[in-house]
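K.L.:
Structure below; questions to follow.
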Amino acid sequence: MSAVLTVKDLGISFGSNHVLKSINFELNENEVLGVIGPNGAGKTVMLNILTGILKPTKGTISFQGKEISHEGVTERCRGGIGRTFQVPRPFEQMTVFENIMVGGVFGAGMSEAEAKQKALEVADVIKLDDKLDLFAGKLGLLDRKRLEIGRALATEPKILLLDEVGGGLTESEVGLIINLVKEIKSQGVSVIWIEHIIRTMLEGTDRVMLLADGVDVITGAPLDVMNSSEVKKVYMGGGDDE
Amino acid sequence: MSLLEVKDIDVHYGDFLALRDVSLNVEPGTIVSLIGANGAGKSTIMNTICGLNKPSKGEIIFDGQNISGKKPHQIAKAGLSMAPEGSHCFESMTVQDNLLMGAYMAKGPERMERLEGVYKLFPILKEKAKQQSTYLSGGQRQMLAIGRGIMTQPKILLCDEISLGLAPVVINDIYDKLKEIAATGLTMLIVEQNVTRSLQASDYAYVVLEGKIVMEGKSSELNEDEVNDAYFGINSFA
Amino acid sequence: GSSSSSSSTNEGGSSSSSGDTITVGVVYPQTGALAAFGAGTEEMYGYAVDEINEAGGIEVDGTTKKIQLVYADSESDPTKASEAANNLIKSKNVDIMLTAKTADTTVPVAAACERAGVLCLSVDTPDEAWATSDYQYSYHAGFNTENELNSFKDAWDAAGISGGKVGVMHATDTEGQTMINAISEFCEANGYEAVDPGAYNSGDTDYTSIINSLKAEGCDAVVGVMLTSDFGTFYSQLKSSGYMPKVTTVAKATLFKEDVDAAGADGLADGLCSEVWWTTSHPYVSSITGETCEELGAKWMELTGDEYAPATCGYDYANVEILYNVLKNAGSLNLDKLTAACDELSVDTVIGKVDFNEQHYSVQPLVTGQWIYNDDGSWTQEIIANTQVPDCPTTAELKVTK
Amino acid sequence: MKKSKLIVLIVILVVLFAVIPAAGSPNLLNILTLMCLYLAMSQMWNLLGGYAGMLSLGMQAFIGIGGYTLTILSVRYGMNIFLSIIIGAVICALFGLAVSPAIFKMSGVYFAIGTWIVAEALNVFFSNWKFVDYAKDWSINTVFGMNGKQLYITALIMAVLATFVVFFLLRTKIGLALMAIRDSASAAETMGVEIYKTKLKCYVIACFMMGLIGGAQYMQTAYINPSTGFSINWTIAMTFAVIIGGLGTMEGPIVGSILYVIITQIMYNYPGMSNIVLGIIAIVVIMIAPQGIMGTLYAKTGFQILSPRRSIPKRETAKE
Amino acid sequence: MAQCIITGILLGGLYSMIGIGMSLVFGIMKLTNLAHGDLMILGTYITLVITRALGCNLIISTIISVIVMCILGFVIQQFLVNKVMDKGEAPALLVTFGLSIFLSNLMLKIFSADNQAINNSLSVKNVVSTENVSISASYLTSFIIAVVIIVGLTLVMQKTNFGRSIRATSDDPMAAELMGVNTKTAFAAAMVICMGITAVAGTLVGSTFTFYPSSGTQYLIIAFGVVVIGGMGSLFGTLIGGIVLGVAQLLGGFVFGSGVQMLIAYIVLLVIQALRPNGLFATSAMRK
Ligand SMILES: Nc1ncnc2c1ncn2[C@@H]1O[C@H](COP(=O)(O)OP(=O)(O)OP(=O)(O)O)[C@@H](O)[C@H]1O
Ligand SMILES: Nc1ncnc2c1ncn2[C@@H]1O[C@H](COP(=O)(O)OP(=O)(O)OP(=O)(O)O)[C@@H](O)[C@H]1O
Ligand SMILES: [Mg+2]
Ligand SMILES: [Mg+2]
């Protein structure tokens with residue numbers, strides 16, 4: 001397996017707050033990498049760095065063998081990095097259909113006609129095909145999260161960065177999201193998935209990484225990581241397991 | 001006598017009927033939880049109780065007083081406080097000022113006492129006391145919102161999506177602490193997505209499905225699978 | 001109808017004085033910053049026109065017609081003035097347009113009339129400000145910078161500062177530019193030295209750097225053409241700077257008593273000199289009825305309830321006088337005949353002889369006034385020099401400011 | 001189909017407006033000219049304020065530049081008036097491009113104020129600029145020869161052009177990007193939307209059109225000085241028309257400017273009341289219909305003639 | 001040169017007085033009050049009318065004007081702005097736009113277009129007068145009042161429960177309600193304070209410069225400039241913004257001539273805005 005994304009010694013500080021000290025990891029082709037960590041560990045910050053919204057203070061990011069640290073947000077998106085936001089940010093006054101189209105037209109550089117077809121395909125994947133003409137502002141939480149994913153998919157990403165897409169969903173809905181991610185993976189997309197729900201880590205990911213104290217503490221097979229003492233100590237609390 | 005009594009309320013969003021004939025009771029000193037799928041109407045119930053929505057039918061009695069139709073700040077003054085869904089921090093203010101806002105209705109020295117209490121519950125907030133709340137992470141905001149709710153020292157505290165975005169360690173912590181606080185007499189109405197945890201933490205539970213209460217009972221007596229069936233009902237996709 | 005005038009209207013045939021009236025449009029500022037100029041306008045124009053109508057009207061194109069006035073508000077805004085003029089021309093089908101009260105009104109109205117091919121008669125704007133274009137159908141009676149400066153020079157002479165330095169307050173607008181362009185030559189010719197402290201923009205709130213220059217140069221007199229608001233702000237800052245010229249002569253700012261009052265607190269503008277276009281003591285008579293200026297002034301006070309008749313009284317009346325004489329001489333509403341009558345016009349009016357030159361304007365004389373703040377808080381405008389209208393009596397000697 | 005209906009409607013409108021000058025009185029013609037000019041301006045203002053999220057209080061800058069270019073080139077240098085206004089429009093576009101690095105750093109109110117300050121600065125600059133004879137009052141005597149019909153046709157062309165520019169812009173990618181940026185700039189950016197470039201394109205196009213319209217406006221006014229050319233009143237009129245018509249709708253500026261001209265025409269008979277009444281109307285409209293007449297109509301009934309919405313293609317074709 | 005800098009700083013004090021009300025209204029209600037200039041001139045007229053009608057002392061008439069304006073502020077907030085606040089930013093902005101047109105023209109109708117000045121002895125006095133430097137009494141007074149008000153207001157906003165409640169309301173009205181804050185009243189209180197200060201600013205402007213009903217626009221730009229340089233919502237920024245604008249104007253006039261003094265001030269403003277798009281001291285509430 002070859003790495004699509006290689007992160008080396010990534011660090012960022014806000015003033016004297018060294019949020020990320022040194023992050024190192026690889027994301028392999030066609031892999032779902034789960035990321036867990038205590039609140040405020042810097043998971044969202046890391047995602048913001050990968051998409052170019054924040055500038056790191058140090059470190060390198062190479063995507064498909066190319067160093068991309070200097071690239072801007074839109075450039076990276078077009079290059080194949082898609083993402084969702086922890087708090088969904090749909091284009092509220094546009095329809096679901098148009099929301100997805102935006103991804104196709106600008107992220108994947110399609111013509112409008114192509115983007116329309118793409119939007120229909122994506123809508124099937126994210127199960128929003130019956131709500132295409134609704135204004136996105138009217139969607140409920142689950143649908144907003146789905147739309148977040150759908151828009152990112154429409155940009156035809158090589159890697160997809162998910163930030164707590166399962167947060168606030170019920171058990172069964174989490175199951176739906178896990179299936180959705182599996183389907184996305186099956187289309188050849190690699191995924192980084194931040195989530196606080198243990199089940200998603202165990203069922204939905206290929207490897208899990210624990211982020212704490214600004215470093216990647218441990219990375220490995222989901223079950224191993226979740227049962228590791230490090231995770232128990234900083235993340236699960238006590239020794240009692242789920 | 002119940003501390004909070006919701007009697008047969010209907011709530012509309014425009015033409016959409018979000019709640020139908022919802023009734024519930026909260027006894028003093030207990031923790032009551034609402035369980036339901038996304039869009040079932042849990043937040044709507046919470047918001048209606050604290051005055052953000054107006055019921056089109058029915059009434060809400062709090063502490064012997066009819067509060068339906070009152071403004072949120074009047075209801076807050078009566079001793080009912082809520083940590084809303086999506087945390088809603090005062091972005092431009094420091095973490096400490098955010099918490100102090102919770103004690104808006106309290107006297108000076110008392111405020112500081114409560115503040116210490118909250119800091120004990122969420123040490124990270126003390127660390128960040130002088131920082132602006134905009135820079136908090138998702139989970140830290142959630143803690144701030146709960147802390148702020150506790151600062152009001154209400155007769156009853158409503159928490160919507162109490163564990164959203166929190167690391168398991170923090171969630172366990174919160175539930176432990178909530179039990180402690182409840183033991184001192186605080187009454188709570190919470191919304192929690194995780195059924196297991198919800199039933200563990202509460203004394204009594206209501207299951208909401210499409211704007212109606214479809215099941216209720218003592219948490220210890222409710223069967224988890226039945227609850228699951230009740231609120232998935234029609235709502236399963238797979 | 002008077003189809004004759006339509007021959008030269010671009011719009012093609014819509015002239016329409018129905019039957020026996022001649023429709024005359026009047027655009028002036030009823031509201032807005034220039035509204036003070038517009039006060040009493042309708043009373044005075046109406047009065048003069050009534051005199052004509054009561055005497056039987058005017059014979060044009062073979063029938064005797066009465067004059068009917070239709071008014072429109074310029075809102076003190078040039079763009080609105082132009083729209084108002086268009087509106088009168090298009091919807092009221094006016095035969096002739098009258099306008100007055102500053103370049104902000106007369107220039108755009110004249111432009112609209114030129115475009116539509118309607119005769120436009122205007123008064124009371126400085127000639128240079130008005131005459132920036134080659135007009136075909138517009139004629140104007142006012143005064144020019146040279147007259148203005150001459151009337152001011154009388155004040156300087158009276159202050160005994162011959163050969164002294166004169167600071168020039170000028171905005172970037174047409175009138176300010178005209179003054180600064182003319183002043184050096186004028187001063188040189190009359191033995192004064194002009195000091196240019198730089199232009200200001202109308203509406204500026206602070207004059208520190210200008211006042212500093214005036215102070216540094218030690219000017220004996222200040223001359224300028226300023227808006228009332230600009231003047232008031234400038235003058236109070238001048239006073240608080242601890243420096244004061246012996247005499248200040250400012251055009252435009254203090255034509256009315258309300259203006260001097262507004263210029264500043266507690267008689268701030270006491271001793272200020274200004275040009276005076278017209279007074280009730282002017283030795284002229286109406287070419288319509290032979291009334292004296294004194295009588296016109298009394299009429300003004302009766303009609304408006306004002307306590308005094310300002311210069312606009314005479315100029316308003318004069319505008320109708322010009323209209324009357326042009327119509328009478330032309331005997332027609334045909335535009336060519338009307339312009340020919342204007343070109344040949346030479347008539348004594350209440351503002352002196354009106355005789356349009358090649359550039360379609362006629363220069364009227366001015367006298368020099370000084371505002372005196374009385375102990376009871378009222379204002380008197382004394383006439384301190386009358387070189388241009390010797391028969392208009394002076395009322396006081398110049399008072400030097402300290 | 002929908003599209004053909006639209007085309008028929010537009011053709012009818014254009015023909016109607018084109019026929020009126022033959023039949024109508026000069027007064028009607030004058031009113032229609034004003035309507036067309038205000039319509040064109042407010043259409044452009046709406047493109048920026050309503051669609052691109054660039055609420056500007058400085059559009060008068062371009063009216064002024066357009067007017068002045070017409071004046072200087074035609075009056076002083078004897079250039080053809082139409083060529084002059086086109087050059088004016090080009091200058092406006094260049095000027096817009098030149099100031100964009102500075103004002104595009106600002107957003108929201110800061111942008112609104114920044115653009116106003118630019119216009120005010122231009123006012124002061126022109127007042128102190130020898131080349132335009134400082135703040136001299138210019139009579140634009142080169143346009144005296146134009147009659148009502150010619151003015152009307154020019155204005156009509158402006159109105160139609162402005163409407164079509166907005167319509168086609170919104171039908172292109174730019175329209176999609178604008179809507180996305182308006183709703184969430186950060187999300188749009190991560191979808192690959194180039195915010196700066198998109199906004200800049202709109203801005204420069206609007207500047208160009210405003211310059212053109214400014215020139216056409218001054219063919220009508222035939223008089224200019226800095227304080228009228230760069231007067232905030234231009235923007236007030238546009239804003240008013242868009243507010244009562246409906247911000248962010250394509251029909252809004254049309255309805256709004258027609259109403260604006262009608263109201264001002266009626267108010268000619270009540271000196272000094274015109275703006276008081278306009279102010280009250282603006283307040284009342286916002287209180288009862290915050291989205292303006294067309295915006296509210298759309299929200300209530302879905303009525304829209306010129307829609308920037310993307311239609312969803314039929315399923316069958318999608319799944320083949 | 002020294003004269004220009006000193007006068008510039010003092011003039012800056014007056015400018016920041018003009019800006020405070022606007023900055024507060026924006027900081028608290030996210031509302032750009034386009035009627036700010038006209039409301040201030042209304043305050044000026046009220047002071048003027050009372051001074052003339054009752055012939056009373058300027059301080060007393062200012063107090064009456066402050067009271068009247070506070071009441072007006074309450075009315076405007078309760079019956080106009082509060083009604084549209086929850087419909088988004090644009091409608092509230094546009095209400096003030098309508099109010100601006102309405103007010104300035106109503107004043108024109110009532111007070112006529114004549115220039116006015118508030119009678120007071122300060123405007124022509126100076127405190128210091130030497131060969132090189134003279135300090136105008138009215139400028140100095142404005143400056144001192146501005147500093148006092150800004151310091152006082154900052155303390156109230158930062159340290160008191162009342163101040164916190166207003167800031168909280170400004171950040172998140174819904175959450176503030178849940179804490180027991182009556183947000184409509186908090187907004188009204190804020191507007192009342194702003195209008196009171198604006199009335200004082202109006203009096204100062206009226207006793208320093210001549211004014212007329214449409215002067216509002218001119219001062220709206222200045223208020224904007226001050227607030228934009230300082231950062232919307234920052235009180236201290238308002239003071240600095242005023243001073244920067246005042247000094248830029250005066251030095252610009254000194255170096256390049258009086259005609260372009262405002263041009264220089266505007267250019268300085270634009271440059272600052274381009275470099276610091278949210279002003280020098282923006283409160284981070286502006287971060288989206
Ligand atoms: N712009 C910023 N300025 C200063 N500090 C910041 C900034 N953005 C984030 N932080 C700090 O960085 C830390 C990491 O934040 P981040 O949002 O990445 O956490 P997270 O791992 O996503 O947590 P959660 O699971 O709670 O969402 C937090 O302590 C936060 O306060
Ligand atoms: N402001 C609103 N306007 C219209 N409909 C609304 C509004 N808020 C909620 N709804 C609808 O009311 C229903 C109940 O929503 P509510 O937010 O109470 O659900 P919930 O149980 O809290 O769900 P979640 O777990 O997603 O928070 C949903 O169908 C939702 O779409
Ligand atoms: Mg996060
Ligand atoms: Mg909810």
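In the structure tokens, chains take the letters A, B, ... in the order shown, each chain's residues start at 1, and ligands count up from 1 in the order shown.
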Residues up to 7 Å from ligand 1, counting only C-alpha atoms and all ligand atoms: could you list those as a ChimeraX atom specification?
P.N.:
/A:14,17,19,37-46 /B:135-140,165-167
K.L.:
Produce a table with one row for each residue of chain E that has an atom at most 9 Å from any atom of chain B, each row naming the nearest atom pair and its distance in Å at one decimal; use only C-alpha atoms; arrange rows by chain and rising residue number; format as a Markdown table.
P.N.:
| residue | atom | partner | partner_atom | distance |
| --- | --- | --- | --- | --- |
| E:Asn161 | CA | B:Tyr104 | CA | 6.8 |
| E:Phe162 | CA | B:Tyr104 | CA | 8.8 |
| E:Arg164 | CA | B:Met101 | CA | 6.9 |
| E:Ser165 | CA | B:Met101 | CA | 6.9 |
| E:Arg167 | CA | B:Met93 | CA | 7.6 |
| E:Ala168 | CA | B:Phe90 | CA | 5.6 |
| E:Thr169 | CA | B:Phe90 | CA | 8.2 |
| E:Ser170 | CA | B:Phe90 | CA | 8.2 |
| E:Asp171 | CA | B:Phe90 | CA | 5.0 |
| E:Asp172 | CA | B:Phe90 | CA | 5.9 |
| E:Met174 | CA | B:Leu52 | CA | 8.0 |
| E:Ala175 | CA | B:His88 | CA | 6.2 |
| E:Ala176 | CA | B:Met101 | CA | 7.9 |
| E:Glu177 | CA | B:His73 | CA | 4.8 |
| E:Leu178 | CA | B:Pro72 | CA | 5.8 |
| E:Met179 | CA | B:Gly102 | CA | 5.6 |
| E:Gly180 | CA | B:His73 | CA | 3.9 |
| E:Val181 | CA | B:His73 | CA | 5.4 |
| E:Asn182 | CA | B:His73 | CA | 5.5 |
| E:Thr183 | CA | B:His73 | CA | 8.1 |
| E:Thr283 | CA | B:Ser92 | CA | 6.9 |
| E:Ser284 | CA | B:Ser92 | CA | 5.6 |
| E:Ala285 | CA | B:Ser92 | CA | 4.5 |
| E:Met286 | CA | B:Ser92 | CA | 8.2 |
| E:Arg287 | CA | B:Thr134 | CA | 8.5 |
K.L.:
Can you list every residue of chain B that has an atom at most 8 Å from ligand 4, with its nearest atom pair and the distance in Å to one decimal, using only C-alpha atoms and all ligand atoms, ordered by chain then number, as a Markdown table?
P.N.:
| residue | atom | partner | partner_atom_place_in_ligand_line | distance |
| --- | --- | --- | --- | --- |
| B:Asn38 | CA | ligand 4 | 1 (Mg) | 6.9 |
| B:Gly39 | CA | ligand 4 | 1 (Mg) | 6.8 |
| B:Gly41 | CA | ligand 4 | 1 (Mg) | 6.9 |
| B:Lys42 | CA | ligand 4 | 1 (Mg) | 5.5 |
| B:Ser43 | CA | ligand 4 | 1 (Mg) | 4.0 |
| B:Thr44 | CA | ligand 4 | 1 (Mg) | 7.1 |
| B:Glu85 | CA | ligand 4 | 1 (Mg) | 6.3 |
| B:Asp160 | CA | ligand 4 | 1 (Mg) | 6.7 |
| B:Glu161 | CA | ligand 4 | 1 (Mg) | 6.7 |
| B:Val191 | CA | ligand 4 | 1 (Mg) | 7.9 |
K.L.:
I'd like the neighbourhood of E:Gly253 as number ranges by chain, where a residue qualifies if any of its atoms comes within 12 Å (using only C-alpha atoms), though same-chain residues fewer than 3 positions away should be ignored.
P.N.:
C: 197-201, 204-213; E: 1, 3-5, 7-8, 246-250, 256-265
K.L.:
Could you take the residues named above and write them with N, CA, C and O atoms, as a short mmCIF file (atom, residue, chain, number, x, y, z; two decimals), in the first residue's frame?
P.N.:
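Saved result, part_11.cif, follows:
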data_model
loop_
_atom_site.label_atom_id
_atom_site.label_comp_id
_atom_site.auth_asym_id
_atom_site.auth_seq_id
_atom_site.Cartn_x
_atom_site.Cartn_y
_atom_site.Cartn_z
N PRO C 197 -3.88 81.61 0.56
CA PRO C 197 -3.57 80.57 1.55
C PRO C 197 -3.98 79.18 1.08
O PRO C 197 -3.92 78.24 1.86
N GLY C 198 -4.39 79.05 -0.15
CA GLY C 198 -4.82 77.73 -0.67
C GLY C 198 -6.32 77.60 -0.65
O GLY C 198 -7.01 78.21 0.17
N ALA C 199 -6.81 76.76 -1.55
CA ALA C 199 -8.26 76.58 -1.63
C ALA C 199 -8.74 75.66 -0.51
O ALA C 199 -7.97 74.89 0.04
N TYR C 200 -10.01 75.76 -0.17
CA TYR C 200 -10.61 74.80 0.77
C TYR C 200 -11.77 74.15 0.03
O TYR C 200 -12.18 74.63 -1.04
N ASN C 201 -12.28 73.07 0.61
CA ASN C 201 -13.47 72.46 0.02
C ASN C 201 -14.68 72.86 0.82
O ASN C 201 -14.66 72.84 2.05
N ASP C 204 -15.67 71.73 4.60
CA ASP C 204 -14.57 71.44 5.51
C ASP C 204 -14.90 71.94 6.91
O ASP C 204 -15.53 72.98 7.07
N THR C 205 -14.43 71.20 7.91
CA THR C 205 -14.75 71.60 9.27
C THR C 205 -13.60 72.34 9.93
O THR C 205 -13.78 72.95 10.97
N ASP C 206 -12.42 72.24 9.37
CA ASP C 206 -11.29 72.85 10.07
C ASP C 206 -10.46 73.70 9.12
O ASP C 206 -10.09 73.26 8.03
N TYR C 207 -10.13 74.92 9.58
CA TYR C 207 -9.42 75.86 8.72
C TYR C 207 -8.07 76.23 9.30
O TYR C 207 -7.50 77.27 8.97
N THR C 208 -7.57 75.41 10.21
CA THR C 208 -6.33 75.74 10.91
C THR C 208 -5.19 76.13 9.96
O THR C 208 -4.53 77.15 10.15
N SER C 209 -4.99 75.31 8.93
CA SER C 209 -3.81 75.60 8.10
C SER C 209 -3.99 76.88 7.31
O SER C 209 -3.04 77.62 7.10
N ILE C 210 -5.23 77.17 6.90
CA ILE C 210 -5.46 78.43 6.19
C ILE C 210 -5.25 79.62 7.13
O ILE C 210 -4.58 80.61 6.80
N ILE C 211 -5.83 79.49 8.32
CA ILE C 211 -5.72 80.60 9.28
C ILE C 211 -4.25 80.84 9.63
O ILE C 211 -3.79 81.98 9.74
N ASN C 212 -3.51 79.73 9.76
CA ASN C 212 -2.08 79.88 10.02
C ASN C 212 -1.38 80.69 8.95
O ASN C 212 -0.56 81.56 9.25
N SER C 213 -1.70 80.43 7.67
CA SER C 213 -1.07 81.19 6.60
C SER C 213 -1.45 82.66 6.67
O SER C 213 -0.60 83.54 6.53
N MET E 1 3.15 73.53 12.30
CA MET E 1 3.28 72.07 12.44
C MET E 1 2.81 71.62 13.81
O MET E 1 1.89 70.80 13.94
N GLN E 3 1.15 73.37 15.86
CA GLN E 3 -0.24 73.81 15.91
C GLN E 3 -1.14 72.75 15.27
O GLN E 3 -2.18 72.38 15.81
N CYS E 4 -0.71 72.28 14.11
CA CYS E 4 -1.54 71.32 13.39
C CYS E 4 -1.71 70.04 14.17
O CYS E 4 -2.81 69.48 14.25
N ILE E 5 -0.64 69.57 14.77
CA ILE E 5 -0.74 68.30 15.50
C ILE E 5 -1.64 68.46 16.72
O ILE E 5 -2.52 67.65 16.96
N THR E 7 -3.97 70.79 17.30
CA THR E 7 -5.36 70.96 16.89
C THR E 7 -5.94 69.65 16.37
O THR E 7 -7.09 69.31 16.64
N GLY E 8 -5.10 68.89 15.65
CA GLY E 8 -5.56 67.62 15.10
C GLY E 8 -5.99 66.66 16.20
O GLY E 8 -7.03 66.02 16.11
N GLY E 246 -8.21 63.13 12.82
CA GLY E 246 -7.99 64.56 13.04
C GLY E 246 -6.58 64.97 12.65
O GLY E 246 -6.38 65.95 11.93
N VAL E 247 -5.59 64.22 13.10
CA VAL E 247 -4.21 64.58 12.82
C VAL E 247 -3.91 64.43 11.32
O VAL E 247 -3.27 65.29 10.72
N ALA E 248 -4.43 63.33 10.74
CA ALA E 248 -4.20 63.13 9.30
C ALA E 248 -4.76 64.32 8.51
O ALA E 248 -4.11 64.84 7.59
N GLN E 249 -5.95 64.75 8.90
CA GLN E 249 -6.58 65.87 8.20
C GLN E 249 -5.75 67.15 8.34
O GLN E 249 -5.44 67.82 7.36
N LEU E 250 -5.36 67.46 9.57
CA LEU E 250 -4.65 68.71 9.81
C LEU E 250 -3.25 68.71 9.18
O LEU E 250 -2.85 69.68 8.55
N PHE E 256 -0.13 69.64 2.23
CA PHE E 256 -0.59 69.67 0.83
C PHE E 256 -1.60 70.77 0.52
O PHE E 256 -2.10 70.87 -0.58
N GLY E 257 -1.99 71.53 1.51
CA GLY E 257 -2.97 72.58 1.26
C GLY E 257 -4.33 72.18 1.79
O GLY E 257 -4.69 71.00 1.79
N SER E 258 -5.05 73.20 2.21
CA SER E 258 -6.31 72.96 2.90
C SER E 258 -7.31 72.20 2.05
O SER E 258 -8.08 71.39 2.56
N GLY E 259 -7.28 72.45 0.75
CA GLY E 259 -8.28 71.84 -0.13
C GLY E 259 -8.26 70.33 -0.09
O GLY E 259 -9.30 69.69 -0.20
N VAL E 260 -7.07 69.76 0.09
CA VAL E 260 -7.00 68.31 0.03
C VAL E 260 -6.90 67.69 1.42
O VAL E 260 -6.64 66.51 1.55
N GLN E 261 -7.16 68.47 2.48
CA GLN E 261 -6.97 67.89 3.81
C GLN E 261 -7.87 66.68 4.03
O GLN E 261 -7.44 65.68 4.60
N MET E 262 -9.11 66.75 3.54
CA MET E 262 -9.99 65.60 3.73
C MET E 262 -9.55 64.44 2.83
O MET E 262 -9.68 63.28 3.21
N LEU E 263 -9.02 64.78 1.67
CA LEU E 263 -8.53 63.73 0.77
C LEU E 263 -7.43 62.92 1.47
O LEU E 263 -7.44 61.69 1.46
N ILE E 264 -6.52 63.65 2.11
CA ILE E 264 -5.44 62.97 2.83
C ILE E 264 -6.03 62.11 3.94
O ILE E 264 -5.65 60.94 4.12
N ALA E 265 -6.97 62.69 4.68
CA ALA E 265 -7.59 61.93 5.77
C ALA E 265 -8.24 60.66 5.23
O ALA E 265 -8.09 59.58 5.80
#
K.L.:
Find the spatial neighbours of stretch 357-371 of chain C, counting only C-alpha atoms, within a cut-off of 8 Å - ignore same-chain residues fewer than 3 positions away - and output them as a PyMOL selection string.
P.N.:
chain C and resi 127+131+134-135+138-144+147-148+151-152+154-155+260+269-278+343+351-354+379-389+398
K.L.:
For the structure I just gave you, how does DSSP split stretch 7-220 of chain A - specifically, which residues are strand (DSSP E or B)? Reply as a ChimeraX atom specification.
P.N.:
/A:7-14,17-28,32-36,58-63,66-67,81-83,95,135,159-163,190-194,207-212,215-220
K.L.:
Write as a ChimeraX atom specification the residues around ligand 2, taking 9 Å as the cut-off and counting only C-alpha atoms and all ligand atoms.
P.N.:
/A:138-142,168-170 /B:12-19,34-47,85,160-161,191-193,208-211
K.L.:
Can you list, as an MDAnalysis selection string, every protein, DNA or RNA residue that comes within 12 Å of D:Ile312 when you count only C-alpha atoms, leaving out same-chain residues fewer than 3 positions away?
P.N.:
(chainID A and resid 95:98 100:101 112:113 115:120 123 129:134) or (chainID D and resid 309 315:318)
K.L.:
Which is closest to D:Arg171 among D:Val261, D:Val143, D:Arg310, D:Ser231, if we use only C-alpha atoms?
P.N.:
D:Arg310
K.L.:
Excluding B:Lys54 and any residue of its chain fewer than 5 positions from it, enumerate the residues within 9 Å of it, using only C-alpha atoms, and give them as a CSV table (one decimal) with N, CA, C and O atoms, in the first residue's frame.
P.N.:
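New file out_12.csv:
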chain,number,residue,atom,x,y,z
B,10,ASP,N,-49.1,21.7,22.1
B,10,ASP,CA,-48.8,21.6,20.7
B,10,ASP,C,-47.9,22.7,20.3
B,10,ASP,O,-48.0,23.8,20.9
B,11,VAL,N,-46.9,22.5,19.4
B,11,VAL,CA,-46.1,23.6,18.9
B,11,VAL,C,-46.0,23.5,17.4
B,11,VAL,O,-45.9,22.5,16.8
B,12,HIS,N,-46.2,24.7,16.8
B,12,HIS,CA,-46.1,24.8,15.4
B,12,HIS,C,-44.9,25.6,14.9
B,12,HIS,O,-44.5,26.5,15.6
B,47,ASN,N,-36.9,23.9,24.1
B,47,ASN,CA,-37.1,25.3,23.8
B,47,ASN,C,-38.4,25.9,24.2
B,47,ASN,O,-38.5,27.0,24.6
B,48,THR,N,-39.4,25.0,24.1
B,48,THR,CA,-40.8,25.5,24.4
B,48,THR,C,-40.8,25.7,26.0
B,48,THR,O,-41.4,26.7,26.4
B,49,ILE,N,-40.2,24.8,26.7
B,49,ILE,CA,-40.3,25.0,28.2
B,49,ILE,C,-39.6,26.3,28.6
B,49,ILE,O,-40.1,27.0,29.4
B,68,SER,N,-46.3,29.3,30.5
B,68,SER,CA,-46.5,29.3,29.1
B,68,SER,C,-46.8,30.7,28.5
B,68,SER,O,-47.6,31.4,29.1
B,69,GLY,N,-46.0,31.0,27.5
B,69,GLY,CA,-46.2,32.4,26.9
B,69,GLY,C,-45.4,33.4,27.5
B,69,GLY,O,-45.3,34.5,27.0
B,70,LYS,N,-44.7,33.1,28.6
B,70,LYS,CA,-43.7,34.1,29.2
B,70,LYS,C,-42.5,34.2,28.4
B,70,LYS,O,-42.1,33.2,27.6
